[in-house]
Each structure stands twice: as C-alpha cells, then as structure tokens.
$ cat work_18.pdb   # PDB, N, CA and C atoms
ATOM      1  N   MET Q 228     107.388  99.261 143.591
ATOM      2  CA  MET Q 228     107.274  99.200 142.162
ATOM      3  C   MET Q 228     107.713 100.519 141.524
ATOM      4  N   GLN Q 229     107.280 101.640 142.125
ATOM      5  CA  GLN Q 229     107.665 102.931 141.575
ATOM      6  C   GLN Q 229     109.160 103.171 141.722
ATOM      7  N   SER Q 230     109.727 102.706 142.819
ATOM      8  CA  SER Q 230     111.160 102.918 143.007
ATOM      9  C   SER Q 230     111.964 102.117 141.993
ATOM     10  N   LEU Q 231     111.476 100.919 141.621
ATOM     11  CA  LEU Q 231     112.171 100.107 140.622
ATOM     12  C   LEU Q 231     112.134 100.806 139.264
ATOM     13  N   LEU Q 232     110.967 101.342 138.881
ATOM     14  CA  LEU Q 232     110.862 102.057 137.612
ATOM     15  C   LEU Q 232     111.722 103.316 137.601
ATOM     16  N   LEU Q 233     111.776 104.003 138.720
ATOM     17  CA  LEU Q 233     112.604 105.201 138.818
ATOM     18  C   LEU Q 233     114.077 104.851 138.700
ATOM     19  N   ARG Q 234     114.494 103.773 139.342
ATOM     20  CA  ARG Q 234     115.892 103.346 139.270
ATOM     21  C   ARG Q 234     116.256 102.931 137.840
ATOM     22  N   LEU Q 235     115.358 102.211 137.141
ATOM     23  CA  LEU Q 235     115.641 101.805 135.769
ATOM     24  C   LEU Q 235     115.700 103.002 134.829
ATOM     25  N   ALA Q 236     114.887 104.001 135.080
ATOM     26  CA  ALA Q 236     114.865 105.172 134.213
ATOM     27  C   ALA Q 236     116.082 106.058 134.406
ATOM     28  N   THR Q 237     116.689 106.061 135.591
ATOM     29  CA  THR Q 237     117.793 106.975 135.862
ATOM     30  C   THR Q 237     119.167 106.342 135.707
ATOM     31  N   THR Q 238     119.270 105.032 135.652
ATOM     32  CA  THR Q 238     120.594 104.411 135.508
ATOM     33  C   THR Q 238     121.021 104.455 134.062
ATOM     34  N   PRO Q 239     122.298 104.735 133.816
ATOM     35  CA  PRO Q 239     122.795 104.773 132.439
ATOM     36  C   PRO Q 239     122.892 103.359 131.871
ATOM     37  N   SER Q 240     122.950 103.292 130.545
ATOM     38  CA  SER Q 240     123.082 101.982 129.905
ATOM     39  C   SER Q 240     124.433 101.378 130.264
ATOM     40  N   PRO Q 241     124.488 100.073 130.429
ATOM     41  CA  PRO Q 241     125.711  99.470 130.930
ATOM     42  C   PRO Q 241     126.879  99.491 129.948
ATOM     43  N   LEU Q 242     126.633  99.403 128.659
ATOM     44  CA  LEU Q 242     127.737  99.360 127.697
ATOM     45  C   LEU Q 242     127.540 100.405 126.601
ATOM     46  N   PRO Q 243     127.874 101.649 126.846
ATOM     47  CA  PRO Q 243     127.764 102.625 125.752
ATOM     48  C   PRO Q 243     128.861 102.370 124.727
ATOM     49  N   THR Q 244     128.470 102.172 123.456
ATOM     50  CA  THR Q 244     129.451 101.920 122.392
ATOM     51  C   THR Q 244     129.245 102.941 121.274
ATOM     52  N   PRO Q 245     129.956 104.037 121.303
ATOM     53  CA  PRO Q 245     129.795 105.044 120.267
ATOM     54  C   PRO Q 245     130.415 104.632 118.931
ATOM     55  N   THR Q 246     131.339 103.724 118.894
ATOM     56  CA  THR Q 246     131.978 103.301 117.643
ATOM     57  C   THR Q 246     131.780 101.801 117.454
ATOM     58  N   LEU Q 247     132.180 101.313 116.311
ATOM     59  CA  LEU Q 247     132.063  99.888 116.026
ATOM     60  C   LEU Q 247     133.100  99.103 116.815
ATOM     61  N   ARG Q 248     132.764  97.866 117.116
ATOM     62  CA  ARG Q 248     133.725  97.016 117.804
ATOM     63  C   ARG Q 248     134.902  96.713 116.889
ATOM     64  N   GLU Q 249     135.981  96.260 117.451
ATOM     65  CA  GLU Q 249     137.167  95.919 116.664
ATOM     66  C   GLU Q 249     136.876  94.695 115.808
ATOM     67  N   GLY Q 250     137.326  94.691 114.572
ATOM     68  CA  GLY Q 250     137.139  93.576 113.665
ATOM     69  C   GLY Q 250     135.885  93.675 112.816
ATOM     70  N   ILE Q 251     135.029  94.673 113.037
ATOM     71  CA  ILE Q 251     133.810  94.850 112.247
ATOM     72  C   ILE Q 251     133.949  96.130 111.425
ATOM     73  N   SER Q 252     133.704  96.000 110.106
ATOM     74  CA  SER Q 252     133.754  97.187 109.253
ATOM     75  C   SER Q 252     132.337  97.722 109.038
ATOM     76  N   GLU Q 253     132.266  98.910 108.510
ATOM     77  CA  GLU Q 253     130.960  99.537 108.301
ATOM     78  C   GLU Q 253     130.137  98.791 107.253
ATOM     79  N   ASP Q 254     130.797  98.152 106.284
ATOM     80  CA  ASP Q 254     130.077  97.390 105.259
ATOM     81  C   ASP Q 254     129.351  96.186 105.841
ATOM     82  N   GLN Q 255     129.797  95.683 106.978
ATOM     83  CA  GLN Q 255     129.182  94.512 107.575
ATOM     84  C   GLN Q 255     127.901  94.844 108.352
ATOM     85  N   VAL Q 256     127.687  96.080 108.688
ATOM     86  CA  VAL Q 256     126.512  96.446 109.480
ATOM     87  C   VAL Q 256     125.519  97.328 108.730
ATOM     88  N   THR Q 257     125.842  97.779 107.536
ATOM     89  CA  THR Q 257     124.914  98.587 106.745
ATOM     90  C   THR Q 257     124.468  97.785 105.532
ATOM     91  N   PRO Q 258     123.290  98.104 104.988
ATOM     92  CA  PRO Q 258     122.817  97.334 103.848
ATOM     93  C   PRO Q 258     123.644  97.573 102.581
ATOM     94  N   GLY Q 259     124.239  98.717 102.455
ATOM     95  CA  GLY Q 259     125.086  99.009 101.304
ATOM     96  C   GLY Q 259     124.294  99.176 100.022
ATOM     97  N   LEU Q 260     125.008  99.076  98.912
ATOM     98  CA  LEU Q 260     124.399  99.279  97.595
ATOM     99  C   LEU Q 260     123.403  98.172  97.265
ATOM    100  N   LEU Q 261     123.726  96.934  97.574
ATOM    101  CA  LEU Q 261     122.822  95.829  97.281
ATOM    102  C   LEU Q 261     121.506  95.965  98.055
ATOM    103  N   GLY Q 262     121.572  96.374  99.298
ATOM    104  CA  GLY Q 262     120.360  96.580 100.085
ATOM    105  C   GLY Q 262     119.498  97.691  99.513
ATOM    106  N   PHE Q 263     120.151  98.771  99.073
ATOM    107  CA  PHE Q 263     119.408  99.871  98.458
ATOM    108  C   PHE Q 263     118.729  99.419  97.173
ATOM    109  N   ILE Q 264     119.451  98.668  96.340
ATOM    110  CA  ILE Q 264     118.889  98.205  95.074
ATOM    111  C   ILE Q 264     117.709  97.269  95.322
ATOM    112  N   MET Q 265     117.822  96.361  96.284
ATOM    113  CA  MET Q 265     116.724  95.444  96.585
ATOM    114  C   MET Q 265     115.503  96.202  97.136
ATOM    115  N   THR Q 266     115.739  97.161  98.008
ATOM    116  CA  THR Q 266     114.632  97.953  98.557
ATOM    117  C   THR Q 266     113.943  98.745  97.448
ATOM    118  N   ALA Q 267     114.731  99.363  96.563
ATOM    119  CA  ALA Q 267     114.157 100.115  95.448
ATOM    120  C   ALA Q 267     113.360  99.195  94.529
ATOM    121  N   PHE Q 268     113.864  97.983  94.282
ATOM    122  CA  PHE Q 268     113.149  97.020  93.436
ATOM    123  C   PHE Q 268     111.798  96.669  94.047
ATOM    124  N   PHE Q 269     111.757  96.398  95.349
ATOM    125  CA  PHE Q 269     110.492  96.050  95.999
ATOM    126  C   PHE Q 269     109.512  97.216  95.987
ATOM    127  N   VAL Q 270     110.003  98.425  96.151
ATOM    128  CA  VAL Q 270     109.127  99.599  96.120
ATOM    129  C   VAL Q 270     108.520  99.771  94.728
ATOM    130  N   VAL Q 271     109.348  99.655  93.692
ATOM    131  CA  VAL Q 271     108.859  99.814  92.318
ATOM    132  C   VAL Q 271     107.886  98.685  91.969
ATOM    133  N   ALA Q 272     108.222  97.443  92.342
ATOM    134  CA  ALA Q 272     107.337  96.313  92.058
ATOM    135  C   ALA Q 272     105.995  96.475  92.769
ATOM    136  N   THR Q 273     106.014  96.924  94.011
ATOM    137  CA  THR Q 273     104.774  97.137  94.757
ATOM    138  C   THR Q 273     103.927  98.229  94.110
ATOM    139  N   ALA Q 274     104.568  99.314  93.692
ATOM    140  CA  ALA Q 274     103.827 100.402  93.040
ATOM    141  C   ALA Q 274     103.187  99.916  91.741
ATOM    142  N   LEU Q 275     103.917  99.125  90.946
ATOM    143  CA  LEU Q 275     103.362  98.605  89.698
ATOM    144  C   LEU Q 275     102.206  97.639  89.957
ATOM    145  N   LEU Q 276     102.330  96.809  90.976
ATOM    146  CA  LEU Q 276     101.231  95.902  91.322
ATOM    147  C   LEU Q 276      99.993  96.660  91.765
ATOM    148  N   ILE Q 277     100.170  97.727  92.511
ATOM    149  CA  ILE Q 277      99.026  98.533  92.963
ATOM    150  C   ILE Q 277      98.341  99.191  91.772
ATOM    151  N   VAL Q 278      99.129  99.742  90.852
ATOM    152  CA  VAL Q 278      98.550 100.381  89.664
ATOM    153  C   VAL Q 278      97.779  99.352  88.841
ATOM    154  N   ASP Q 279      98.350  98.163  88.651
ATOM    155  CA  ASP Q 279      97.675  97.118  87.892
ATOM    156  C   ASP Q 279      96.386  96.671  88.582
ATOM    157  N   MET Q 280      96.416  96.539  89.907
ATOM    158  CA  MET Q 280      95.230  96.117  90.650
ATOM    159  C   MET Q 280      94.111  97.161  90.524
ATOM    160  N   VAL Q 281      94.454  98.425  90.628
ATOM    161  CA  VAL Q 281      93.452  99.490  90.494
ATOM    162  C   VAL Q 281      92.849  99.465  89.091
ATOM    163  N   ARG Q 282      93.679  99.244  88.077
ATOM    164  CA  ARG Q 282      93.192  99.183  86.704
ATOM    165  C   ARG Q 282      92.223  98.016  86.525
ATOM    166  N   ARG Q 283      92.563  96.864  87.083
ATOM    167  CA  ARG Q 283      91.682  95.696  86.949
ATOM    168  C   ARG Q 283      90.367  95.892  87.704
ATOM    169  N   ILE Q 284      90.424  96.489  88.877
ATOM    170  CA  ILE Q 284      89.197  96.740  89.639
ATOM    171  C   ILE Q 284      88.292  97.704  88.892
ATOM    172  N   ARG Q 285      88.871  98.740  88.303
ATOM    173  CA  ARG Q 285      88.080  99.679  87.510
ATOM    174  C   ARG Q 285      87.425  98.984  86.328
ATOM    175  N   ARG Q 286      88.186  98.110  85.662
ATOM    176  CA  ARG Q 286      87.660  97.405  84.503
ATOM    177  C   ARG Q 286      86.490  96.513  84.899
ATOM    178  N   VAL Q 287      86.612  95.794  86.006
ATOM    179  CA  VAL Q 287      85.531  94.922  86.469
ATOM    180  C   VAL Q 287      84.310  95.751  86.848
ATOM    181  N   ARG Q 288      84.526  96.859  87.534
ATOM    182  CA  ARG Q 288      83.418  97.725  87.933
ATOM    183  C   ARG Q 288      82.718  98.307  86.699
ATOM    184  N   TYR Q 289      83.501  98.713  85.696
ATOM    185  CA  TYR Q 289      82.919  99.274  84.473
ATOM    186  C   TYR Q 289      82.116  98.213  83.734
ATOM    187  N   ARG Q 290      82.653  96.993  83.641
ATOM    188  CA  ARG Q 290      81.917  95.921  82.960
ATOM    189  C   ARG Q 290      80.604  95.609  83.672
ATOM    190  N   ALA Q 291      80.619  95.615  84.990
ATOM    191  CA  ALA Q 291      79.382  95.361  85.745
ATOM    192  C   ALA Q 291      78.370  96.477  85.492
ATOM    193  N   GLN Q 292      78.838  97.711  85.428
ATOM    194  CA  GLN Q 292      77.944  98.839  85.178
ATOM    195  C   GLN Q 292      77.339  98.736  83.774
ATOM    196  N   VAL Q 293      78.147  98.383  82.784
ATOM    197  CA  VAL Q 293      77.644  98.244  81.417
ATOM    198  C   VAL Q 293      76.634  97.104  81.347
ATOM    199  N   GLU Q 294      76.915  96.001  82.044
ATOM    200  CA  GLU Q 294      75.980  94.870  82.055
ATOM    201  C   GLU Q 294      74.642  95.257  82.688
ATOM    202  N   GLU Q 295      74.678  96.019  83.785
ATOM    203  CA  GLU Q 295      73.441  96.481  84.411
ATOM    204  C   GLU Q 295      72.648  97.384  83.472
ATOM    205  N   GLU Q 296      73.354  98.279  82.784
ATOM    206  CA  GLU Q 296      72.669  99.164  81.841
ATOM    207  C   GLU Q 296      72.067  98.376  80.688
ATOM    208  N   ARG Q 297      72.782  97.345  80.220
ATOM    209  CA  ARG Q 297      72.280  96.517  79.133
ATOM    210  C   ARG Q 297      71.023  95.752  79.567
ATOM    211  N   LEU Q 298      71.044  95.207  80.774
ATOM    212  CA  LEU Q 298      69.875  94.492  81.275
ATOM    213  C   LEU Q 298      68.688  95.431  81.482
ATOM    214  N   ALA Q 299      68.963  96.642  81.974
ATOM    215  CA  ALA Q 299      67.887  97.618  82.158
ATOM    216  C   ALA Q 299      67.300  98.034  80.819
ATOM    217  N   ALA Q 300      68.144  98.200  79.803
ATOM    218  CA  ALA Q 300      67.659  98.572  78.475
ATOM    219  C   ALA Q 300      66.840  97.436  77.873
ATOM    220  N   ALA Q 301      67.285  96.196  78.076
ATOM    221  CA  ALA Q 301      66.527  95.052  77.553
ATOM    222  C   ALA Q 301      65.177  94.947  78.242
ATOM    223  N   ALA Q 302      65.138  95.165  79.544
ATOM    224  CA  ALA Q 302      63.876  95.123  80.276
ATOM    225  C   ALA Q 302      62.943  96.236  79.802
ATOM    226  N   ALA Q 303      63.495  97.423  79.569
ATOM    227  CA  ALA Q 303      62.687  98.539  79.081
ATOM    228  C   ALA Q 303      62.160  98.238  77.675
ATOM    229  N   ALA Q 304      62.984  97.605  76.848
ATOM    230  CA  ALA Q 304      62.540  97.258  75.498
ATOM    231  C   ALA Q 304      61.432  96.213  75.553
ATOM    232  N   ASP Q 305      61.528  95.268  76.482
ATOM    233  CA  ASP Q 305      60.462  94.266  76.636
ATOM    234  C   ASP Q 305      59.154  94.929  77.067
ATOM    235  N   VAL Q 306      59.263  95.867  77.996
ATOM    236  CA  VAL Q 306      58.068  96.575  78.453
ATOM    237  C   VAL Q 306      57.478  97.393  77.313
ATOM    238  N   ASP Q 307      58.317  98.082  76.538
ATOM    239  CA  ASP Q 307      57.832  98.861  75.397
ATOM    240  C   ASP Q 307      57.173  97.965  74.354
ATOM    241  N   ALA Q 308      57.765  96.800  74.108
ATOM    242  CA  ALA Q 308      57.187  95.872  73.135
ATOM    243  C   ALA Q 308      55.834  95.357  73.623
ATOM    244  N   ALA Q 309      55.742  95.071  74.919
ATOM    245  CA  ALA Q 309      54.468  94.605  75.470
ATOM    246  C   ALA Q 309      53.423  95.714  75.397
ATOM    247  N   ASP Q 310      53.809  96.956  75.674
ATOM    248  CA  ASP Q 310      52.873  98.080  75.571
ATOM    249  C   ASP Q 310      52.429  98.287  74.130
ATOM    250  N   ALA Q 311      53.352  98.147  73.192
ATOM    251  CA  ALA Q 311      53.011  98.326  71.780
ATOM    252  C   ALA Q 311      52.066  97.218  71.338
ATOM    253  N   GLN Q 312      52.295  96.012  71.782
ATOM    254  CA  GLN Q 312      51.404  94.890  71.432
ATOM    255  C   GLN Q 312      50.020  95.115  72.007
ATOM    256  N   ASP Q 313      49.945  95.605  73.247
ATOM    257  CA  ASP Q 313      48.645  95.916  73.840
ATOM    258  C   ASP Q 313      47.951  97.039  73.086
ATOM    259  N   GLY Q 314      48.709  97.992  72.598
ATOM    260  CA  GLY Q 314      48.128  99.090  71.833
ATOM    261  C   GLY Q 314      47.559  98.617  70.512
ATOM    262  N   LEU Q 315      48.200  97.643  69.871
ATOM    263  CA  LEU Q 315      47.690  97.102  68.614
ATOM    264  C   LEU Q 315      46.445  96.252  68.831
ATOM    265  N   ASP Q 316      46.368  95.592  69.977
ATOM    266  CA  ASP Q 316      45.221  94.739  70.275
ATOM    267  C   ASP Q 316      44.031  95.542  70.779
ATOM    268  N   GLY Q 317      44.208  96.779  71.032
ATOM    269  CA  GLY Q 317      43.126  97.584  71.576
ATOM    270  C   GLY Q 317      42.919  97.312  73.052
ATOM    271  N   GLY Q 318      43.934  96.758  73.700
ATOM    272  CA  GLY Q 318      43.838  96.520  75.122
ATOM    273  C   GLY Q 318      43.334  95.143  75.472
ATOM    274  N   THR Q 319      42.760  94.411  74.500
ATOM    275  CA  THR Q 319      42.286  93.059  74.780
ATOM    276  C   THR Q 319      42.787  92.144  73.682
ATOM    277  N   HIS Q 320      42.732  90.895  73.924
ATOM    278  CA  HIS Q 320      43.171  89.922  72.931
ATOM    279  C   HIS Q 320      41.994  89.540  72.052
ATOM    280  N   PRO Q 321      42.249  89.163  70.794
ATOM    281  CA  PRO Q 321      41.141  88.811  69.889
ATOM    282  C   PRO Q 321      40.351  87.632  70.420
ATOM    283  N   GLY Q 322      39.038  87.687  70.207
ATOM    284  CA  GLY Q 322      38.171  86.597  70.609
ATOM    285  C   GLY Q 322      37.702  86.695  72.038
ATOM    286  N   VAL Q 323      38.179  87.660  72.792
ATOM    287  CA  VAL Q 323      37.787  87.811  74.185
ATOM    288  C   VAL Q 323      36.978  89.090  74.290
ATOM    289  N   GLY Q 324      35.811  89.025  74.842
ATOM    290  CA  GLY Q 324      34.961  90.199  74.972
ATOM    291  C   GLY Q 324      35.433  91.101  76.077
ATOM    292  N   ASP Q 325      34.881  92.298  76.107
ATOM    293  CA  ASP Q 325      35.246  93.209  77.190
ATOM    294  C   ASP Q 325      34.439  92.863  78.426
ATOM    295  N   SER Q 326      34.504  93.716  79.424
ATOM    296  CA  SER Q 326      33.877  93.401  80.706
ATOM    297  C   SER Q 326      32.351  93.339  80.612
ATOM    298  N   GLU Q 327      31.735  94.006  79.631
ATOM    299  CA  GLU Q 327      30.279  93.983  79.511
ATOM    300  C   GLU Q 327      29.803  92.808  78.677
ATOM    301  N   GLY Q 328      30.716  92.120  78.035
ATOM    302  CA  GLY Q 328      30.356  90.925  77.294
ATOM    303  C   GLY Q 328      29.732  91.192  75.947
ATOM    304  N   ASP Q 329      29.896  92.417  75.386
ATOM    305  CA  ASP Q 329      29.280  92.679  74.093
ATOM    306  C   ASP Q 329      30.218  92.382  72.932
ATOM    307  N   GLY Q 330      31.462  91.961  73.211
ATOM    308  CA  GLY Q 330      32.370  91.585  72.144
ATOM    309  C   GLY Q 330      32.934  92.754  71.384
ATOM    310  N   ALA Q 331      32.829  93.973  71.873
ATOM    311  CA  ALA Q 331      33.322  95.141  71.164
ATOM    312  C   ALA Q 331      34.839  95.205  71.184
ATOM    313  N   GLY Q 332      35.452  94.391  71.977
ATOM    314  CA  GLY Q 332      36.917  94.432  72.064
ATOM    315  C   GLY Q 332      37.576  93.950  70.806
ATOM    316  N   ASN Q 333      36.942  93.091  70.005
ATOM    317  CA  ASN Q 333      37.586  92.607  68.788
ATOM    318  C   ASN Q 333      37.020  93.240  67.532
ATOM    319  N   GLY Q 334      36.166  94.203  67.667
ATOM    320  CA  GLY Q 334      35.669  94.929  66.507
ATOM    321  C   GLY Q 334      34.343  94.395  65.954
ATOM    322  N   HIS Q 335      33.854  93.267  66.487
ATOM    323  CA  HIS Q 335      32.588  92.710  66.018
ATOM    324  C   HIS Q 335      31.604  92.685  67.162
ATOM    325  N   PRO Q 336      30.430  93.260  66.927
ATOM    326  CA  PRO Q 336      29.444  93.196  68.021
ATOM    327  C   PRO Q 336      28.918  91.774  68.186
ATOM    328  N   ARG Q 337      28.711  91.402  69.401
ATOM    329  CA  ARG Q 337      28.182  90.081  69.713
ATOM    330  C   ARG Q 337      26.656  90.181  69.694
ATOM    331  N   PRO Q 338      26.007  89.245  69.050
ATOM    332  CA  PRO Q 338      24.530  89.277  69.024
ATOM    333  C   PRO Q 338      23.966  89.054  70.403
ATOM    334  N   ARG Q 339      22.885  89.762  70.711
ATOM    335  CA  ARG Q 339      22.245  89.608  72.024
ATOM    336  C   ARG Q 339      21.255  88.449  71.983
ATOM    337  N   ARG Q 340      21.092  87.795  73.033
ATOM    338  CA  ARG Q 340      20.163  86.664  73.093
ATOM    339  C   ARG Q 340      18.887  87.051  73.704
TER     340      ARG Q 340
END

$ encode --input "work_18.pdb" --output "structure tokens"
Amino acid sequence: MQSLLLRLATTPSPLPTPTLREGISEDQVTPGLLGFIMTAFFVVATALLIVDMVRRIRRVRYRAQVEEERLAAAAAADVDAADAQDGLDGGTHPGVGDSEGDGAGNGHPRPRR
C-alpha cells in the first residue's frame, strides 16, 4: 500500500498542457465580462438582502422590547391602583370588621353584646 502511494506521488502527470488546445480561444474558458457582471450582481444583491434582514430583525426585537416594557408598566399601574384602593379603604373593605370583630375597620364601632 505504501509503495503504491509513493509511486503515485512521484510519477508526473500524464498530459501536461501549459497552453490551450488548438481550436479553443481564451474567451471560451474564462467567464469574461458577463461572468464578472453576474458575480458582482449576486454579491451586491446578497449584501442588500443581509442589510435588510438585519434591519428587520432589529425592528422585531425592538417591538418585542417595547411590548414587554408596556406590559410591565401596565402591571405596575395595576399594582399601584390596587395599593391606592387599599389605602383609601383603610386596609379593609366596608362592612367587614377587623380581626377582633369590633368593626373599627369601617369607622363605626360595633356594639358589644
């Protein structure tokens, strides 16, 4: 196996062709101006698509961030409103006595029996 690899590595290529074959011109084997223009078009189009994609991803990410902030602000406002309502009620709802049952939570003492 090693001798086969050594022989393949040391033998020259069978058909060295430094020039073009007869009947073939250089325009037939190179991309030429049209190939360059097409390659440049694909490069520019790809770059524009990448820029547009990055812009859209940023926009979606920003909208999600704004939505999260809006929901957090609404939740905070609900909590503040609930705290303010509890502060106006004195911590208890009207008509419900406190834990000792004397009715002081609504501002009127309950008569003792």

$ atom_distance --input "work_18.pdb" --atom1 "atom CA of Q:Arg297" --atom2 "atom CA of Q:Val278"
28.6 Å

$ atom_distance --input "work_18.pdb" --atom1 "atom CA of Q:Asp310" --atom2 "atom CA of Q:Glu295"
22.4 Å

$ atom_distance --input "work_18.pdb" --atom1 "atom CA of Q:Gln312" --atom2 "atom CA of Q:Glu296"
24.1 Å

$ axis_aligned_box --input "work_18.pdb" --around "stretch 279-295 of chain Q" --padding-each-side "6 Å" --output "lines of an AutoDock Vina configuration file"
center_x = 85.5
center_y = 97.3
center_z = 86.0
size_x = 37.7
size_y = 16.8
size_z = 21.3

$ decode --input "work_18.pdb" --residues "stretch 252-278 of chain Q" --atoms "N, CA and C atoms" --output "short mmCIF file (atom, residue, chain, number, x, y, z; two decimals), in the first residue's frame"
data_model
loop_
_atom_site.label_atom_id
_atom_site.label_comp_id
_atom_site.auth_asym_id
_atom_site.auth_seq_id
_atom_site.Cartn_x
_atom_site.Cartn_y
_atom_site.Cartn_z
N SER Q 252 -10.36 29.24 -27.82
CA SER Q 252 -9.84 30.57 -27.51
C SER Q 252 -9.98 30.84 -26.01
N GLU Q 253 -9.32 31.88 -25.57
CA GLU Q 253 -9.35 32.21 -24.14
C GLU Q 253 -10.75 32.63 -23.69
N ASP Q 254 -11.54 33.23 -24.59
CA ASP Q 254 -12.90 33.64 -24.23
C ASP Q 254 -13.80 32.45 -23.93
N GLN Q 255 -13.48 31.28 -24.45
CA GLN Q 255 -14.30 30.10 -24.24
C GLN Q 255 -14.06 29.44 -22.88
N VAL Q 256 -12.97 29.74 -22.23
CA VAL Q 256 -12.65 29.10 -20.96
C VAL Q 256 -12.65 30.05 -19.77
N THR Q 257 -12.80 31.34 -19.99
CA THR Q 257 -12.86 32.31 -18.89
C THR Q 257 -14.26 32.89 -18.82
N PRO Q 258 -14.66 33.37 -17.64
CA PRO Q 258 -16.01 33.90 -17.53
C PRO Q 258 -16.20 35.21 -18.30
N GLY Q 259 -15.16 35.97 -18.47
CA GLY Q 259 -15.24 37.21 -19.24
C GLY Q 259 -16.02 38.29 -18.52
N LEU Q 260 -16.43 39.28 -19.29
CA LEU Q 260 -17.14 40.44 -18.73
C LEU Q 260 -18.51 40.04 -18.19
N LEU Q 261 -19.24 39.20 -18.90
CA LEU Q 261 -20.56 38.79 -18.44
C LEU Q 261 -20.48 38.03 -17.12
N GLY Q 262 -19.50 37.17 -16.96
CA GLY Q 262 -19.33 36.45 -15.71
C GLY Q 262 -19.01 37.38 -14.55
N PHE Q 263 -18.16 38.38 -14.82
CA PHE Q 263 -17.84 39.36 -13.79
C PHE Q 263 -19.08 40.15 -13.39
N ILE Q 264 -19.87 40.58 -14.37
CA ILE Q 264 -21.06 41.37 -14.08
C ILE Q 264 -22.06 40.54 -13.27
N MET Q 265 -22.26 39.28 -13.63
CA MET Q 265 -23.19 38.42 -12.90
C MET Q 265 -22.70 38.18 -11.46
N THR Q 266 -21.42 37.94 -11.30
CA THR Q 266 -20.86 37.72 -9.96
C THR Q 266 -21.02 38.98 -9.11
N ALA Q 267 -20.72 40.14 -9.69
CA ALA Q 267 -20.88 41.40 -8.96
C ALA Q 267 -22.34 41.63 -8.59
N PHE Q 268 -23.27 41.30 -9.49
CA PHE Q 268 -24.70 41.46 -9.20
C PHE Q 268 -25.10 40.59 -8.01
N PHE Q 269 -24.67 39.33 -7.99
CA PHE Q 269 -25.02 38.44 -6.88
C PHE Q 269 -24.42 38.91 -5.56
N VAL Q 270 -23.21 39.43 -5.60
CA VAL Q 270 -22.57 39.93 -4.38
C VAL Q 270 -23.34 41.14 -3.84
N VAL Q 271 -23.70 42.07 -4.72
CA VAL Q 271 -24.43 43.27 -4.29
C VAL Q 271 -25.82 42.88 -3.78
N ALA Q 272 -26.51 41.99 -4.50
CA ALA Q 272 -27.84 41.56 -4.07
C ALA Q 272 -27.78 40.86 -2.71
N THR Q 273 -26.79 40.02 -2.50
CA THR Q 273 -26.64 39.33 -1.22
C THR Q 273 -26.37 40.32 -0.09
N ALA Q 274 -25.51 41.30 -0.35
CA ALA Q 274 -25.22 42.31 0.68
C ALA Q 274 -26.47 43.10 1.03
N LEU Q 275 -27.27 43.48 0.03
CA LEU Q 275 -28.50 44.22 0.30
C LEU Q 275 -29.52 43.37 1.07
N LEU Q 276 -29.62 42.10 0.73
CA LEU Q 276 -30.52 41.21 1.47
C LEU Q 276 -30.09 41.06 2.92
N ILE Q 277 -28.80 40.97 3.16
CA ILE Q 277 -28.30 40.84 4.54
C ILE Q 277 -28.60 42.10 5.33
N VAL Q 278 -28.38 43.26 4.73
CA VAL Q 278 -28.66 44.53 5.42
C VAL Q 278 -30.15 44.63 5.74
#
